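S.K.: Take a look at the following structure, please.
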Amino acid sequence: MAPVAAQEPRRPAWWLAGLFMAMMANGTDEFVIAGVLPDISADLAVSAAATGQLITVFAVCFALGAPLLALLTDQLPRRAVLVAALVVFAVANAAAALAPGYWWLMCARVLAALAAALVAAASFAMAAGAAPEGKQGRYLSVVTAGLTVALFTGVPIGTFLGGAYGWRSTFWLLAAVGVAVAVLLGAIAPQIPGSQPAPLAERLAPLRSRPVARLVGTIFLCGSGGLMFYSYLGPITTEFAGGSYQLRGLVLLLVGVVGVGAVFLGGRVTDVWGPRPARLVVIGGHGVALLALAAFAFTGTRSALIFAVLVALWSLFAWALNPPMQASILTAAPDAAMTALALNISGLYLGTGVAAALGGIVLSLWGVTYIPLVAGLLLLAALGLASMPAAKPPPPTP
């Protein structure tokens, strides 16, 4: 697939920007419900708890739909799959904007989640397939950055728009972005062919691969630990640094700013060191940062400066994770890249779902001080899995 990129040297900056925008819309669609939740709840006359399930359903459908849809579309050209998925994404968000009631909105969210899952799988497969030799990690990092940027740009913008013009306007914006990105990528994205025709058993190979399973387990544990800490960063900041709401806002901004740089650093490190060393350094650093936060908590020291430094260190490793993990899973299943990448995405989203629930249990049983400790232990378990080889070495040539 590298020759495709080599034949189109002037296109990458533009079509990569399109993939970045597609993933930014994905991330915004998933998390923006939290910002407009009270408005939806009041308008549709449902409880806040019921409205919150719109987030849960999106995450679950995304996680389960990604590998199935990737498997079904793996042999189709990547650009056609991506454009079609973006059109469905736009239609689903328009349906959400027009929802006359709760269950209509729920069905629209299911469709949007499935479309977003296919957008993500196709975006990563296109970036990996069109990347010139030695730049795969950097190309993947651009796509990943869209999700990171969504947390502190797309979500706040969508929330502000919903507050100013009603929650439906947020979904109209997402629908418009979906259409715009579909047109852009349909015009300038490179033509990346799908996988070669193969029996179903071969296409299902990533589901039976032990190296792939270990890597998916690794990303699941990383998501569970890292996002557990992120999910409860507000109360953790208050407890560890005596934080006011202004300090909590600054800490979240710090996480976002460091996170964007970390994504690109993760891609660069992956290209220079290779996927396996890069993932071990990033996961190990992630675990050390969380355990350092736990040690800081147990000392009883309350310093906003020390806490901010440790959070910045955590953010550096936490957001650098995806490029080396994606490159690792591509190494483990090079002949079924889209399916393998979709499994990686599913592992991360399932970890995200577990993170909040497990963090709530830790919080209720032992208190907020123990969250970074439990999260750090999960990262140590992830490091153990990640230390195993991602793929068997090729047999020696006679």
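Each chain in the structure tokens gets a letter, A, B, ..., in the order shown, and its residues are numbered from 1; ligands are numbered from 1 in order too.
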Can you list, as number ranges by chain, every protein, DNA or RNA residue that comes within 7 Å of range 216-227 of chain A when you count only C-alpha atoms, leaving out same-chain residues fewer than 2 positions away?

M.R.: A: 212-214, 229-231, 318, 343-344, 347-348, 350-352, 354-355, 375-376, 378-379, 382, 385-386

S.K.: Which residues come within 9 Å of Leu291 in chain A, counting only C-alpha atoms, excluding same-chain residues fewer than 3 positions away, as a list in words?

M.R.: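 Selected residues are His286, Gly287, Val288, Ala294, Ala295, Phe296, Pro372, Leu373, Val374, Ala375, Gly376 and Leu377 of chain A.
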
S.K.: Save out the residues we just selected, C-alpha atoms, as an mmCIF file, in the first residue's frame.

M.R.:
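Now in selection_34.cif:
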data_model
loop_
_atom_site.group_PDB
_atom_site.id
_atom_site.type_symbol
_atom_site.label_atom_id
_atom_site.label_comp_id
_atom_site.auth_asym_id
_atom_site.auth_seq_id
_atom_site.Cartn_x
_atom_site.Cartn_y
_atom_site.Cartn_z
ATOM 1 C CA HIS A 286 1.824 5.662 32.147
ATOM 2 C CA GLY A 287 1.899 3.213 35.054
ATOM 3 C CA VAL A 288 4.780 5.021 36.786
ATOM 4 C CA ALA A 294 -0.817 7.591 44.273
ATOM 5 C CA ALA A 295 2.376 8.111 46.314
ATOM 6 C CA PHE A 296 1.741 11.858 46.306
ATOM 7 C CA PRO A 372 -4.626 6.361 41.027
ATOM 8 C CA LEU A 373 -3.279 3.329 42.914
ATOM 9 C CA VAL A 374 -5.791 0.900 41.404
ATOM 10 C CA ALA A 375 -5.349 2.559 38.001
ATOM 11 C CA GLY A 376 -1.575 2.185 38.266
ATOM 12 C CA LEU A 377 -1.891 -1.521 39.095
#

S.K.: With a distance cut-off of 10 Å and only C-alpha atoms, select the neighbouring residues of range 247-260 of chain A, excluding the residue or stretch itself and same-chain residues fewer than 2 positions from it, and output the selection as a PyMOL selection string.

M.R.: chain A and resi 141-142+144-153+230+233-238+241-245+262-265+304+307-309+311-320

S.K.: Could you save those same residues with C-alpha atoms as a PDB file, in the first residue's frame?

M.R.:
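Output file again.pdb follows:
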ATOM      1  CA  SER A 141      -1.136   9.974  15.378  1.00  0.00           C
ATOM      2  CA  VAL A 142      -2.881  12.624  13.250  1.00  0.00           C
ATOM      3  CA  THR A 144      -5.838   9.828  16.918  1.00  0.00           C
ATOM      4  CA  ALA A 145      -5.351  13.534  17.626  1.00  0.00           C
ATOM      5  CA  GLY A 146      -8.879  14.193  16.369  1.00  0.00           C
ATOM      6  CA  LEU A 147     -10.317  12.285  19.314  1.00  0.00           C
ATOM      7  CA  THR A 148      -8.057  14.084  21.775  1.00  0.00           C
ATOM      8  CA  VAL A 149      -8.844  17.541  20.423  1.00  0.00           C
ATOM      9  CA  ALA A 150     -12.583  16.769  20.557  1.00  0.00           C
ATOM     10  CA  LEU A 151     -12.418  16.547  24.351  1.00  0.00           C
ATOM     11  CA  PHE A 152     -11.477  20.191  24.852  1.00  0.00           C
ATOM     12  CA  THR A 153     -12.680  21.857  21.644  1.00  0.00           C
ATOM     13  CA  TYR A 230      -9.481  10.841  33.947  1.00  0.00           C
ATOM     14  CA  LEU A 233     -10.086  13.911  37.789  1.00  0.00           C
ATOM     15  CA  GLY A 234     -12.445  16.555  39.201  1.00  0.00           C
ATOM     16  CA  PRO A 235     -12.819  15.065  42.695  1.00  0.00           C
ATOM     17  CA  ILE A 236      -9.188  13.910  42.631  1.00  0.00           C
ATOM     18  CA  THR A 237      -8.055  17.499  41.992  1.00  0.00           C
ATOM     19  CA  THR A 238     -10.205  18.760  44.853  1.00  0.00           C
ATOM     20  CA  ALA A 241      -4.731  19.961  45.532  1.00  0.00           C
ATOM     21  CA  GLY A 242      -7.594  21.613  47.396  1.00  0.00           C
ATOM     22  CA  GLY A 243      -8.925  22.637  44.002  1.00  0.00           C
ATOM     23  CA  SER A 244     -11.576  25.217  43.300  1.00  0.00           C
ATOM     24  CA  TYR A 245     -13.595  24.945  40.119  1.00  0.00           C
ATOM     25  CA  ALA A 262       1.655  13.592  23.327  1.00  0.00           C
ATOM     26  CA  VAL A 263      -0.328  11.995  20.489  1.00  0.00           C
ATOM     27  CA  PHE A 264       2.148  13.269  17.894  1.00  0.00           C
ATOM     28  CA  LEU A 265       5.091  12.343  20.125  1.00  0.00           C
ATOM     29  CA  ALA A 304      -1.344  22.368  43.344  1.00  0.00           C
ATOM     30  CA  PHE A 307      -0.110  17.820  41.415  1.00  0.00           C
ATOM     31  CA  ALA A 308      -0.154  19.708  38.091  1.00  0.00           C
ATOM     32  CA  VAL A 309       3.335  18.448  37.196  1.00  0.00           C
ATOM     33  CA  VAL A 311      -0.919  15.203  35.955  1.00  0.00           C
ATOM     34  CA  ALA A 312       1.022  16.616  33.003  1.00  0.00           C
ATOM     35  CA  LEU A 313       3.378  13.615  33.187  1.00  0.00           C
ATOM     36  CA  TRP A 314       0.404  11.257  33.268  1.00  0.00           C
ATOM     37  CA  SER A 315      -1.208  13.017  30.301  1.00  0.00           C
ATOM     38  CA  LEU A 316       2.012  12.771  28.301  1.00  0.00           C
ATOM     39  CA  PHE A 317       2.054   8.976  28.498  1.00  0.00           C
ATOM     40  CA  ALA A 318      -1.713   8.403  28.525  1.00  0.00           C
ATOM     41  CA  TRP A 319      -2.387  10.182  25.229  1.00  0.00           C
ATOM     42  CA  ALA A 320       0.777   8.873  23.537  1.00  0.00           C
TER      43      ALA A 320
END

S.K.: Please report, as a PyMOL selection string, each residue of range 10-198 of chain A to which DSSP assigns alpha helix (DSSP H) when run on this structure's backbone.

M.R.: chain A and resi 12-31+33-44+48-73+78-97+102-130+136-149+155-165+167-188

S.K.: Show which residues sit within 12 Å of Ala17 in chain A, as a ChimeraX atom specification. Count only C-alpha atoms, and ignore same-chain residues fewer than 3 positions away.

M.R.: /A:11-14,20-24,123,127,139-146,181,184-185,188-189

S.K.: Figure out the distance between CA of Asn93 in chain A and CA of Val57 in chain A, please, to one decimal in Å.

M.R.: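 So the answer is 14.8 Å.
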
S.K.: Rounded to one decimal, what separation in Å do you get between CA of Ser303 in chain A and CA of Gly359 in chain A?

M.R.: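 Separation of CA of Ser303 in chain A and CA of Gly359 in chain A: 23.4 Å.
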
S.K.: Smallest atom-to-atom distance to Gly101 in chain A: which of A:Leu114, A:Val119, A:Ala164, A:Ile40, using only C-alpha atoms?

M.R.: A:Ile40
